[in-house]
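Below is the file structure.json, which contains JSON, C-alpha atoms.
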```json
[["chain", "number", "residue", "atom", "x", "y", "z"],
["A", 1, "MET", "CA", 11.71, -5.98, -6.16],
["A", 2, "ARG", "CA", 14.95, -4.80, -4.67],
["A", 3, "GLU", "CA", 15.10, -7.94, -2.54],
["A", 4, "LYS", "CA", 14.47, -10.22, -5.51],
["A", 5, "LEU", "CA", 16.76, -8.46, -7.98],
["A", 6, "GLY", "CA", 19.38, -7.32, -5.48],
["A", 7, "ILE", "CA", 19.56, -3.84, -7.03],
["A", 8, "LYS", "CA", 17.86, -0.50, -6.53],
["A", 9, "GLU", "CA", 19.05, 1.19, -9.70],
["A", 10, "LEU", "CA", 20.77, 0.15, -12.88],
["A", 11, "GLN", "CA", 22.30, 2.17, -15.71],
["A", 12, "LEU", "CA", 22.08, 0.62, -19.15],
["A", 13, "GLU", "CA", 23.63, 1.89, -22.38],
["A", 14, "VAL", "CA", 20.79, 0.47, -24.44],
["A", 15, "GLU", "CA", 18.34, 2.03, -26.87],
["A", 16, "GLY", "CA", 15.20, 0.19, -27.85],
["A", 17, "THR", "CA", 11.77, -0.57, -26.46],
["A", 18, "VAL", "CA", 10.84, -1.05, -22.80],
["A", 19, "LEU", "CA", 10.63, -4.77, -23.54],
["A", 20, "ASP", "CA", 14.17, -4.66, -24.98],
["A", 21, "ILE", "CA", 15.34, -3.07, -21.72],
["A", 22, "LEU", "CA", 13.70, -5.80, -19.64],
["A", 23, "ARG", "CA", 15.23, -8.49, -21.85],
["A", 24, "GLU", "CA", 18.63, -6.81, -21.59],
["A", 25, "MET", "CA", 18.34, -6.85, -17.81],
["A", 26, "GLU", "CA", 17.55, -10.55, -17.92],
["A", 27, "LYS", "CA", 20.59, -11.18, -20.11],
["A", 28, "ILE", "CA", 22.87, -9.65, -17.50],
["A", 29, "GLY", "CA", 21.33, -11.61, -14.65],
["A", 30, "TYR", "CA", 18.33, -9.62, -13.38],
["A", 31, "PRO", "CA", 15.15, -11.66, -13.95],
["A", 32, "VAL", "CA", 12.85, -8.65, -14.02],
["A", 33, "GLY", "CA", 10.54, -10.16, -16.63],
["A", 34, "ASP", "CA", 9.53, -12.96, -14.27],
["A", 35, "LEU", "CA", 8.65, -10.36, -11.66],
["A", 36, "VAL", "CA", 6.64, -7.87, -13.66],
["A", 37, "LEU", "CA", 5.40, -9.63, -16.80],
["A", 38, "LYS", "CA", 2.72, -12.23, -17.31],
["A", 39, "ASP", "CA", 1.52, -13.49, -20.70],
["A", 40, "GLY", "CA", 3.50, -10.74, -22.38],
["A", 41, "LYS", "CA", 1.83, -7.95, -20.38],
["A", 42, "VAL", "CA", 2.71, -5.96, -17.25],
["A", 43, "LYS", "CA", 1.37, -7.83, -14.21],
["A", 44, "ARG", "CA", -1.60, -6.36, -12.35],
["A", 45, "GLY", "CA", -0.34, -4.21, -9.48],
["A", 46, "PHE", "CA", 2.88, -3.15, -11.21],
["A", 47, "ILE", "CA", 3.47, -0.09, -13.35],
["A", 48, "ILE", "CA", 6.30, 0.96, -15.62],
["A", 49, "LEU", "CA", 6.98, 4.69, -15.92],
["A", 50, "VAL", "CA", 9.19, 6.24, -18.57],
["A", 51, "ASN", "CA", 10.19, 9.74, -17.44],
["A", 52, "GLY", "CA", 7.18, 9.76, -15.12],
["A", 53, "LYS", "CA", 4.67, 8.63, -17.78],
["A", 54, "ASN", "CA", 2.96, 5.26, -17.54],
["A", 55, "ILE", "CA", 3.66, 3.11, -20.58],
["A", 56, "VAL", "CA", -0.05, 2.23, -20.62],
["A", 57, "HIS", "CA", -0.58, 5.78, -21.90],
["A", 58, "LEU", "CA", 2.36, 5.56, -24.31],
["A", 59, "GLU", "CA", 3.00, 2.55, -26.51],
["A", 60, "GLY", "CA", 3.04, -0.12, -23.83],
["A", 61, "LEU", "CA", 6.05, -2.42, -23.81],
["A", 62, "SER", "CA", 6.83, -1.12, -27.31],
["A", 63, "THR", "CA", 7.49, 2.39, -25.94],
["A", 64, "ARG", "CA", 10.93, 3.46, -27.15],
["A", 65, "VAL", "CA", 13.55, 4.57, -24.66],
["A", 66, "GLY", "CA", 16.99, 6.05, -25.09],
["A", 67, "VAL", "CA", 20.04, 6.24, -22.86],
["A", 68, "ALA", "CA", 18.89, 9.51, -21.26],
["A", 69, "ASP", "CA", 15.46, 8.18, -20.32],
["A", 70, "LYS", "CA", 14.57, 6.99, -16.85],
["A", 71, "VAL", "CA", 12.49, 3.87, -16.44],
["A", 72, "ALA", "CA", 10.87, 3.13, -13.07],
["A", 73, "ILE", "CA", 9.21, -0.20, -12.27],
["A", 74, "PHE", "CA", 7.25, -0.58, -9.05],
["A", 75, "PRO", "CA", 3.89, -1.46, -7.51],
["A", 76, "PRO", "CA", 2.16, 1.83, -6.57],
["A", 77, "ALA", "CA", 0.42, 1.96, -3.20],
["A", 78, "GLY", "CA", -3.18, 3.19, -3.25],
["A", 79, "GLY", "CA", -4.20, 3.17, 0.41],
["A", 80, "GLY", "CA", -4.41, 6.11, 2.71],
["B", 81, "MET", "CA", 8.82, 29.51, 23.16],
["B", 82, "ARG", "CA", 6.73, 26.86, 21.50],
["B", 83, "TYR", "CA", 8.57, 26.87, 18.15],
["B", 84, "SER", "CA", 12.09, 27.67, 19.38],
["B", 85, "ARG", "CA", 13.53, 24.34, 18.21],
["B", 86, "GLN", "CA", 12.25, 24.68, 14.65],
["B", 87, "ILE", "CA", 12.69, 28.40, 13.97],
["B", 88, "PRO", "CA", 16.43, 27.87, 13.34],
["B", 89, "ILE", "CA", 15.31, 25.60, 10.49],
["B", 90, "VAL", "CA", 12.32, 27.43, 9.03],
["B", 91, "GLY", "CA", 13.25, 30.99, 10.10],
["B", 92, "GLU", "CA", 11.15, 33.65, 11.86],
["B", 93, "GLU", "CA", 9.55, 34.68, 8.59],
["B", 94, "GLY", "CA", 8.96, 31.01, 7.70],
["B", 95, "GLN", "CA", 7.22, 30.47, 11.02],
["B", 96, "ARG", "CA", 4.99, 33.47, 10.31],
["B", 97, "ARG", "CA", 4.21, 32.01, 6.87],
["B", 98, "LEU", "CA", 3.23, 28.74, 8.52],
["B", 99, "ALA", "CA", 0.94, 30.56, 10.93],
["B", 100, "GLY", "CA", -0.69, 32.41, 8.04],
["B", 101, "ALA", "CA", -1.05, 29.37, 5.76],
["B", 102, "ARG", "CA", -4.27, 27.58, 4.86],
["B", 103, "VAL", "CA", -4.11, 23.99, 3.61],
["B", 104, "PHE", "CA", -6.60, 21.31, 2.65],
["B", 105, "VAL", "CA", -6.12, 17.72, 3.84],
["B", 106, "ALA", "CA", -8.24, 15.25, 1.89],
["B", 107, "GLY", "CA", -8.85, 12.20, 4.07],
["B", 108, "ALA", "CA", -8.36, 11.65, 7.81],
["B", 109, "GLY", "CA", -7.22, 8.03, 7.90],
["B", 110, "GLY", "CA", -3.72, 6.69, 8.50],
["B", 111, "LEU", "CA", -2.10, 9.36, 6.33],
["B", 112, "GLY", "CA", -4.38, 12.33, 6.91],
["B", 113, "SER", "CA", -4.78, 12.08, 10.68],
["B", 114, "ASN", "CA", -1.04, 11.73, 11.28],
["B", 115, "LEU", "CA", -0.27, 14.49, 8.79],
["B", 116, "VAL", "CA", -2.67, 16.90, 10.52],
["B", 117, "LEU", "CA", -1.00, 16.25, 13.88],
["B", 118, "HIS", "CA", 2.46, 16.97, 12.40],
["B", 119, "LEU", "CA", 1.24, 20.17, 10.71],
["B", 120, "SER", "CA", -0.49, 21.28, 13.90],
["B", 121, "SER", "CA", 2.59, 20.72, 16.04],
["B", 122, "ALA", "CA", 4.57, 22.80, 13.57],
["B", 123, "GLY", "CA", 2.11, 25.70, 13.91],
["B", 124, "LEU", "CA", 0.38, 25.59, 10.54],
["B", 125, "GLY", "CA", -2.34, 28.18, 11.08],
["B", 126, "HIS", "CA", -5.42, 26.94, 9.27],
["B", 127, "ILE", "CA", -6.12, 23.33, 8.32],
["B", 128, "VAL", "CA", -9.27, 22.21, 6.55],
["B", 129, "VAL", "CA", -9.71, 18.43, 6.72],
["B", 130, "ALA", "CA", -12.46, 16.41, 5.03],
["B", 131, "ASP", "CA", -13.50, 12.82, 5.64],
["B", 132, "HIS", "CA", -16.96, 11.25, 5.88],
["B", 133, "ASP", "CA", -16.01, 8.18, 7.97],
["B", 134, "VAL", "CA", -16.16, 7.50, 11.69],
["B", 135, "VAL", "CA", -13.31, 6.06, 13.78],
["B", 136, "THR", "CA", -13.40, 2.26, 13.93],
["B", 137, "GLU", "CA", -11.30, -0.19, 15.89],
["B", 138, "SER", "CA", -9.39, -1.17, 12.74],
["B", 139, "ASN", "CA", -8.10, 2.44, 12.45],
["B", 140, "LEU", "CA", -6.30, 2.33, 15.78],
["B", 141, "ASN", "CA", -3.15, 0.48, 14.62],
["B", 142, "ARG", "CA", -1.94, 3.43, 12.52],
["B", 143, "THR", "CA", -3.50, 6.53, 14.06],
["B", 144, "PHE", "CA", -3.50, 8.41, 17.33],
["B", 145, "PHE", "CA", -7.26, 8.11, 17.64],
["B", 146, "ARG", "CA", -8.25, 6.68, 21.01],
["B", 147, "VAL", "CA", -10.69, 4.04, 22.18],
["B", 148, "SER", "CA", -12.94, 6.86, 23.38],
["B", 149, "ASP", "CA", -13.05, 8.11, 19.74],
["B", 150, "LEU", "CA", -14.68, 4.92, 18.43],
["B", 151, "GLY", "CA", -17.83, 5.79, 16.52],
["B", 152, "VAL", "CA", -16.95, 9.50, 16.43],
["B", 153, "PRO", "CA", -16.50, 11.13, 12.99],
["B", 154, "LYS", "CA", -12.76, 11.10, 12.24],
["B", 155, "VAL", "CA", -12.63, 14.82, 11.55],
["B", 156, "GLU", "CA", -14.29, 15.60, 14.90],
["B", 157, "ALA", "CA", -11.94, 13.27, 16.80],
["B", 158, "LEU", "CA", -9.06, 14.94, 15.00],
["B", 159, "ALA", "CA", -10.32, 18.43, 15.87],
["B", 160, "ARG", "CA", -10.37, 17.40, 19.53],
["B", 161, "LEU", "CA", -6.82, 16.03, 19.35],
["B", 162, "VAL", "CA", -5.54, 19.15, 17.60],
["B", 163, "GLY", "CA", -7.28, 21.36, 20.15],
["B", 164, "GLU", "CA", -5.30, 19.65, 22.90],
["B", 165, "LEU", "CA", -2.07, 19.56, 20.88],
["B", 166, "ASN", "CA", -1.96, 23.16, 19.68],
["B", 167, "PRO", "CA", -4.84, 25.54, 20.40],
["B", 168, "GLU", "CA", -3.20, 28.15, 18.12],
["B", 169, "VAL", "CA", -4.20, 26.04, 15.10],
["B", 170, "GLU", "CA", -7.57, 26.62, 13.51],
["B", 171, "LEU", "CA", -8.83, 23.26, 12.31],
["B", 172, "GLU", "CA", -11.95, 23.18, 10.17],
["B", 173, "PRO", "CA", -13.42, 19.66, 10.22],
["B", 174, "LEU", "CA", -15.64, 18.80, 7.25],
["B", 175, "ARG", "CA", -17.56, 15.58, 7.66],
["B", 176, "MET", "CA", -18.24, 15.07, 3.99],
["B", 177, "ARG", "CA", -16.86, 13.40, 0.91],
["B", 178, "VAL", "CA", -13.89, 15.20, -0.59],
["B", 179, "GLU", "CA", -15.83, 15.50, -3.87],
["B", 180, "GLU", "CA", -18.25, 17.85, -2.07],
["B", 181, "VAL", "CA", -15.54, 20.28, -0.92],
["B", 182, "ASP", "CA", -14.97, 23.49, -2.86],
["B", 183, "ILE", "CA", -11.26, 23.45, -3.68],
["B", 184, "GLY", "CA", -10.40, 27.11, -3.83],
["B", 185, "ASP", "CA", -8.28, 29.30, -1.64],
["B", 186, "PHE", "CA", -5.55, 27.03, -0.29],
["B", 187, "ASP", "CA", -1.77, 27.24, -0.16],
["B", 188, "LEU", "CA", -1.42, 23.48, -0.65],
["B", 189, "ILE", "CA", -3.54, 20.36, -1.07],
["B", 190, "PHE", "CA", -2.64, 17.05, 0.60],
["B", 191, "ASP", "CA", -3.96, 13.90, -1.05],
["B", 192, "CYS", "CA", -4.37, 11.35, 1.77],
["B", 193, "LEU", "CA", -7.23, 9.46, 0.15],
["B", 194, "ASP", "CA", -7.73, 5.72, -0.07],
["B", 195, "ASN", "CA", -9.37, 5.28, -3.46],
["B", 196, "VAL", "CA", -8.47, 6.14, -7.02],
["B", 197, "GLU", "CA", -11.80, 7.71, -7.97],
["B", 198, "SER", "CA", -11.60, 10.35, -5.24],
["B", 199, "ARG", "CA", -7.91, 10.96, -5.92],
["B", 200, "LEU", "CA", -8.69, 11.60, -9.60],
["B", 201, "ASN", "CA", -11.46, 14.04, -8.66],
["B", 202, "LEU", "CA", -9.18, 15.87, -6.24],
["B", 203, "GLU", "CA", -6.41, 16.04, -8.82],
["B", 204, "SER", "CA", -8.80, 17.46, -11.38],
["B", 205, "SER", "CA", -10.15, 20.11, -8.96],
["B", 206, "ALA", "CA", -6.63, 21.11, -7.89],
["B", 207, "ALA", "CA", -5.60, 21.39, -11.54],
["B", 208, "ASP", "CA", -8.56, 23.69, -12.26],
["B", 209, "ALA", "CA", -7.67, 25.82, -9.23],
["B", 210, "GLY", "CA", -3.96, 25.88, -10.16],
["B", 211, "LEU", "CA", -2.94, 24.37, -6.81],
["B", 212, "ASP", "CA", -0.07, 22.00, -6.00],
["B", 213, "ILE", "CA", -0.72, 18.56, -4.52],
["B", 214, "VAL", "CA", 1.40, 16.67, -2.03],
["B", 215, "HIS", "CA", 0.42, 13.05, -2.65],
["B", 216, "GLY", "CA", 0.77, 10.03, -0.39],
["B", 217, "GLY", "CA", -0.13, 6.38, -0.91],
["B", 218, "ILE", "CA", 0.53, 3.42, 1.38],
["B", 219, "GLU", "CA", 0.06, -0.33, 1.31],
["B", 220, "GLY", "CA", 1.57, -2.91, 3.64],
["B", 221, "LEU", "CA", 5.15, -1.79, 4.16],
["B", 222, "ARG", "CA", 5.33, 0.18, 0.92],
["B", 223, "GLY", "CA", 4.40, 3.67, -0.08],
["B", 224, "GLN", "CA", 5.08, 6.68, -2.24],
["B", 225, "VAL", "CA", 4.97, 10.42, -1.65],
["B", 226, "ALA", "CA", 5.21, 13.17, -4.25],
["B", 227, "HIS", "CA", 4.75, 16.91, -4.78],
["B", 228, "TYR", "CA", 3.54, 17.96, -8.20],
["B", 229, "HIS", "CA", 1.56, 20.50, -10.25],
["B", 230, "PRO", "CA", -1.62, 18.77, -11.44],
["B", 231, "SER", "CA", -2.27, 21.60, -13.91],
["B", 232, "SER", "CA", 0.62, 20.31, -16.01],
["B", 233, "TYR", "CA", 1.02, 16.67, -14.93],
["B", 234, "ARG", "CA", -1.55, 14.17, -13.66],
["B", 235, "LEU", "CA", 0.27, 11.79, -11.33],
["B", 236, "ILE", "CA", -2.78, 9.78, -10.27],
["B", 237, "ARG", "CA", -3.64, 9.04, -13.90],
["B", 238, "GLU", "CA", -0.10, 7.71, -14.38],
["B", 239, "LEU", "CA", 0.04, 5.68, -11.15],
["B", 240, "PHE", "CA", -3.33, 3.95, -11.16],
["B", 241, "THR", "CA", -4.72, 2.43, -14.31],
["B", 242, "SER", "CA", -7.42, 0.49, -12.47],
["B", 243, "ARG", "CA", -10.03, 2.02, -10.19],
["B", 244, "SER", "CA", -10.57, -1.00, -7.97],
["B", 245, "ARG", "CA", -10.71, -0.36, -4.25],
["B", 246, "ALA", "CA", -9.51, -2.81, -1.64],
["B", 247, "ARG", "CA", -9.02, -2.82, 2.10],
["B", 248, "ASN", "CA", -5.24, -2.96, 2.04],
["B", 249, "PRO", "CA", -3.18, -4.21, 4.93],
["B", 250, "VAL", "CA", -0.97, -1.53, 6.43],
["B", 251, "LEU", "CA", 1.37, -1.19, 9.38],
["B", 252, "GLY", "CA", 1.37, 1.93, 11.57],
["B", 253, "PRO", "CA", 4.97, 2.95, 10.81],
["B", 254, "THR", "CA", 4.24, 2.87, 7.05],
["B", 255, "ALA", "CA", 1.43, 5.39, 7.48],
["B", 256, "MET", "CA", 3.40, 7.49, 9.93],
["B", 257, "LEU", "CA", 6.53, 7.63, 7.75],
["B", 258, "ALA", "CA", 4.56, 8.68, 4.68],
["B", 259, "ALA", "CA", 2.60, 11.25, 6.72],
["B", 260, "SER", "CA", 5.86, 12.61, 8.18],
["B", 261, "LEU", "CA", 7.37, 13.02, 4.71],
["B", 262, "MET", "CA", 4.23, 14.75, 3.46],
["B", 263, "ALA", "CA", 4.32, 17.07, 6.49],
["B", 264, "LEU", "CA", 8.01, 17.78, 5.90],
["B", 265, "GLU", "CA", 7.25, 18.78, 2.33],
["B", 266, "GLY", "CA", 4.36, 21.00, 3.37],
["B", 267, "ILE", "CA", 6.27, 22.70, 6.18],
["B", 268, "LEU", "CA", 9.32, 23.44, 4.03],
["B", 269, "HIS", "CA", 7.29, 24.41, 0.97],
["B", 270, "ILE", "CA", 5.31, 26.96, 2.97],
["B", 271, "SER", "CA", 8.09, 28.25, 5.25],
["B", 272, "ARG", "CA", 10.98, 28.29, 2.77],
["B", 273, "GLY", "CA", 9.14, 28.47, -0.54],
["B", 274, "ARG", "CA", 10.37, 25.07, -1.71],
["B", 275, "GLY", "CA", 10.41, 21.54, -0.33],
["B", 276, "PRO", "CA", 12.74, 18.70, -1.32],
["B", 277, "LEU", "CA", 9.95, 16.68, -2.93],
["B", 278, "LEU", "CA", 8.83, 19.24, -5.51],
["B", 279, "GLY", "CA", 8.82, 17.55, -8.91],
["B", 280, "LYS", "CA", 9.77, 14.20, -7.41],
["B", 281, "MET", "CA", 8.19, 11.01, -6.16],
["B", 282, "LEU", "CA", 9.87, 9.13, -3.36],
["B", 283, "ILE", "CA", 9.09, 5.42, -3.33],
["B", 284, "PHE", "CA", 9.87, 3.35, -0.26],
["B", 285, "ASP", "CA", 9.70, -0.26, 0.85],
["B", 286, "LEU", "CA", 10.23, -0.72, 4.58],
["B", 287, "ASP", "CA", 10.54, -4.49, 4.18],
["B", 288, "THR", "CA", 13.99, -3.93, 2.64],
["B", 289, "LEU", "CA", 14.54, -0.34, 3.83],
["B", 290, "SER", "CA", 14.66, 0.60, 0.19],
["B", 291, "PHE", "CA", 14.14, 4.20, -0.95],
["B", 292, "GLY", "CA", 14.07, 5.36, -4.57],
["B", 293, "GLU", "CA", 13.26, 8.58, -6.41],
["B", 294, "VAL", "CA", 11.45, 9.25, -9.65],
["B", 295, "ASP", "CA", 11.71, 12.65, -11.34],
["B", 296, "LEU", "CA", 8.31, 13.89, -12.42],
["B", 297, "PRO", "CA", 7.85, 15.91, -15.62],
["B", 298, "GLU", "CA", 8.48, 19.63, -15.18],
["B", 299, "PRO", "CA", 5.63, 22.04, -15.86],
["B", 300, "GLU", "CA", 5.47, 23.08, -19.52],
["B", 301, "HIS", "CA", 5.61, 26.86, -19.97]]
```
Could the structure of this file be written out as structure tokens, please?
Amino acid sequence: MREKLGIKELQLEVEGTVLDILREMEKIGYPVGDLVLKDGKVKRGFIILVNGKNIVHLEGLSTRVGVADKVAIFPPAGGG
Amino acid sequence: MRYSRQIPIVGEEGQRRLAGARVFVAGAGGLGSNLVLHLSSAGLGHIVVADHDVVTESNLNRTFFRVSDLGVPKVEALARLVGELNPEVELEPLRMRVEEVDIGDFDLIFDCLDNVESRLNLESSAADAGLDIVHGGIEGLRGQVAHYHPSSYRLIRELFTSRSRARNPVLGPTAMLAASLMALEGILHISRGRGPLLGKMLIFDLDTLSFGEVDLPEPEH
């Protein structure tokens, strides 16, 4: 992801849903939606955590986030 | 003296704590076998390691198992290696599934497993026993390591929403880096009382040499 987006971290002064955050990133030149979304859902293999909690267990892409929240997007590795 | 180069880091008392510690390593593959060697070199006194598999040729790219170990249960091959590496370490090899192990009296649990189902079971048992887990996961050139309290936060439940199991590609250095970081956390947690990973997950991608950190929820009191 870092290679494709060219960033490791980004601070946004945005409040809204996780989807709003992804759209905001796209607006400022980081096409994160293409990377992690398919048919309006998070692609298989990727997860989105809000403060360490998977949005699957919250309200999905409609999970609300504020400026103090930390959103992490990555493909977890399951092998040992 | 055997530990003279690390005692300035962990302290005399820390070294004694390591010698008196008892840990459980779940899985003896790329993560677990390398982790056990690191912990043994550091003088961790009692290591219980469980794995039901035998060493196969496809294990050799990311482990220090040898050609002569092929067909031998991984935990037995590991016990032999540890015996040569540091005879002061008491290694208890359990050739069984992790689900069959009684998770009780340990200072720390290391999750080095390769499937979600077993990881969830281990997390649940550690939560019931009130024990911390140092987690590792690897795939290709990527991985994550974390140290958390499963009694208040279930990392595996958050990371893996599907229980599918696949034979993932993996390069030796990916496994060895993750195992080294897990060992670092264990050694510092036991010797100093706190490691740098506690309450955090470190995510890495060696393809781009990218490292990131995620704060995990604090225990609720």
For Ile127 (chain B), work out the shell of residues within 10 Å, counting all atoms listed in the file and skipping chain neighbours fewer than 2 positions away, then give it as number ranges by chain.
B: 101-105, 116, 119-120, 124-125, 129-130, 159, 169-173, 186
Separation of CA of His215 (chain B) from CA of Tyr228 (chain B), in Å and rounded to one decimal
8.0 Å
Who sits within 10 Å of region 55-57 of chain A, only C-alpha atoms, same chain under 4 positions skipped, as a ChimeraX atom specification:
/A:18,42,47-51,61-64,71 /B:237-238,241
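Counting from CA of Leu202 (chain B), the distance to CA of Arg234 (chain B) is 10.8 Å.
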Please provide the set of residues having any atom within 10 Å of region 1-15 of chain A, restricted to all atoms listed in the file, with same-chain residues fewer than 5 positions apart removed, written as JSON, numbers by chain.
{"A": [20, 21, 24, 25, 29, 30, 31, 32, 35, 36, 64, 65, 66, 67, 68, 69, 70, 71, 72, 73, 74, 75], "B": [285, 287, 288, 289, 290, 291, 292, 293]}
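The coordinates place CA of Asp194 (chain B) at 14.6 Å from CA of Ser138 (chain B).
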Please identify all polymer residues within 10 Å of Val196 (chain B), counting only C-alpha atoms, omitting same-chain residues fewer than 6 positions from it, and present them as a list in words.
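The residues that qualify are Gly78 and Gly79 of chain A; Leu202, Ile236, Arg237, Leu239, Phe240, Thr241, Ser242, Arg243, Ser244 and Arg245 of chain B.
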Contact residues (chain B, partner chain A, 6 Å, only C-alpha atoms) as a ChimeraX atom specification
/B:110-111,192-194,217-219,223,238,296
Which one of B:Arg274, B:Lys154, B:His229, B:Arg82 sits closest to Val134 (chain B) if you count all atoms listed in the file?
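The closest residue to Val134 (chain B) is B:Lys154.
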Contacts of Ala209 (chain B) at 10 Å or less, counting all atoms listed in the file, minus same-chain residues fewer than 3 places along, as a VMD selection string?
chain B and resid 182 to 186 203 to 206 212 230 to 231
Selection to disk with C-alpha atoms, as a tab-separated table (two decimals), in the coordinates of the input:
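Output file result-v5.tsv is given in full below:
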```tsv
chain	number	residue	atom	x	y	z
B	182	ASP	CA	-14.97	23.49	-2.86
B	183	ILE	CA	-11.26	23.45	-3.68
B	184	GLY	CA	-10.40	27.11	-3.83
B	185	ASP	CA	-8.28	29.30	-1.64
B	186	PHE	CA	-5.55	27.03	-0.29
B	203	GLU	CA	-6.41	16.04	-8.82
B	204	SER	CA	-8.80	17.46	-11.38
B	205	SER	CA	-10.15	20.11	-8.96
B	206	ALA	CA	-6.63	21.11	-7.89
B	212	ASP	CA	-0.07	22.00	-6.00
B	230	PRO	CA	-1.62	18.77	-11.44
B	231	SER	CA	-2.27	21.60	-13.91
```
Starting from the point (15.9, 28.3, 7.8), work out which residues of protein, DNA or RNA have an atom no more than 12 Å away when counting all atoms listed in the file; state them as a VMD selection string.
chain B and resid 85 to 95 267 to 275
Specify the axis-aligned box that encloses all atoms of region 281-299 of chain B listed in the file after padding of 4 Å on each side, stating its centre and edge lengths in Å to one decimal as JSON.
```
{"center_x": 10.1, "center_y": 8.8, "center_z": -5.6, "size_x": 17.0, "size_y": 34.5, "size_z": 28.4}
```
Measuring atom to atom with all atoms listed in the file, identify which of B:Arg199, B:Arg247, B:Arg142, B:Arg97 is nearest to Leu115 (chain B).
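Distance minimum relative to Leu115 (chain B) lands on B:Arg142.
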Is it possible to dump region 223-237 of chain B as a compact mmCIF listing (two decimals), in the first residue's frame, including just N, CA and C atoms?
```
# COMPACT_ATOMS: atom_id res chain seq x y z
N GLY B 223 4.29 -8.88 7.51
CA GLY B 223 3.98 -9.51 8.79
C GLY B 223 3.52 -8.51 9.80
N GLN B 224 3.05 -9.04 10.95
CA GLN B 224 2.72 -8.16 12.06
C GLN B 224 3.07 -8.89 13.35
N VAL B 225 3.48 -8.11 14.34
CA VAL B 225 3.74 -8.65 15.68
C VAL B 225 3.06 -7.74 16.68
N ALA B 226 2.60 -8.32 17.78
CA ALA B 226 1.87 -7.53 18.78
C ALA B 226 1.99 -8.18 20.14
N HIS B 227 1.77 -7.39 21.19
CA HIS B 227 1.73 -7.90 22.56
C HIS B 227 0.47 -7.32 23.19
N TYR B 228 -0.42 -8.19 23.63
CA TYR B 228 -1.71 -7.70 24.13
C TYR B 228 -2.25 -8.59 25.25
N HIS B 229 -3.32 -8.08 25.89
CA HIS B 229 -3.98 -8.81 26.97
C HIS B 229 -5.30 -9.37 26.43
N PRO B 230 -5.34 -10.65 26.09
CA PRO B 230 -6.58 -11.18 25.49
C PRO B 230 -7.77 -11.16 26.43
N SER B 231 -7.52 -10.99 27.75
CA SER B 231 -8.67 -10.93 28.66
C SER B 231 -9.47 -9.65 28.47
N SER B 232 -8.84 -8.63 27.85
CA SER B 232 -9.61 -7.39 27.64
C SER B 232 -9.71 -7.00 26.17
N TYR B 233 -8.95 -7.65 25.29
CA TYR B 233 -8.99 -7.29 23.88
C TYR B 233 -8.62 -8.52 23.07
N ARG B 234 -9.45 -8.85 22.07
CA ARG B 234 -9.21 -10.05 21.26
C ARG B 234 -8.66 -9.65 19.89
N LEU B 235 -7.36 -9.65 19.78
CA LEU B 235 -6.71 -9.20 18.54
C LEU B 235 -7.06 -10.10 17.35
N ILE B 236 -7.03 -11.41 17.57
CA ILE B 236 -7.25 -12.34 16.45
C ILE B 236 -8.64 -12.13 15.85
N ARG B 237 -9.61 -11.90 16.71
CA ARG B 237 -10.98 -11.65 16.26
C ARG B 237 -11.05 -10.39 15.38
```
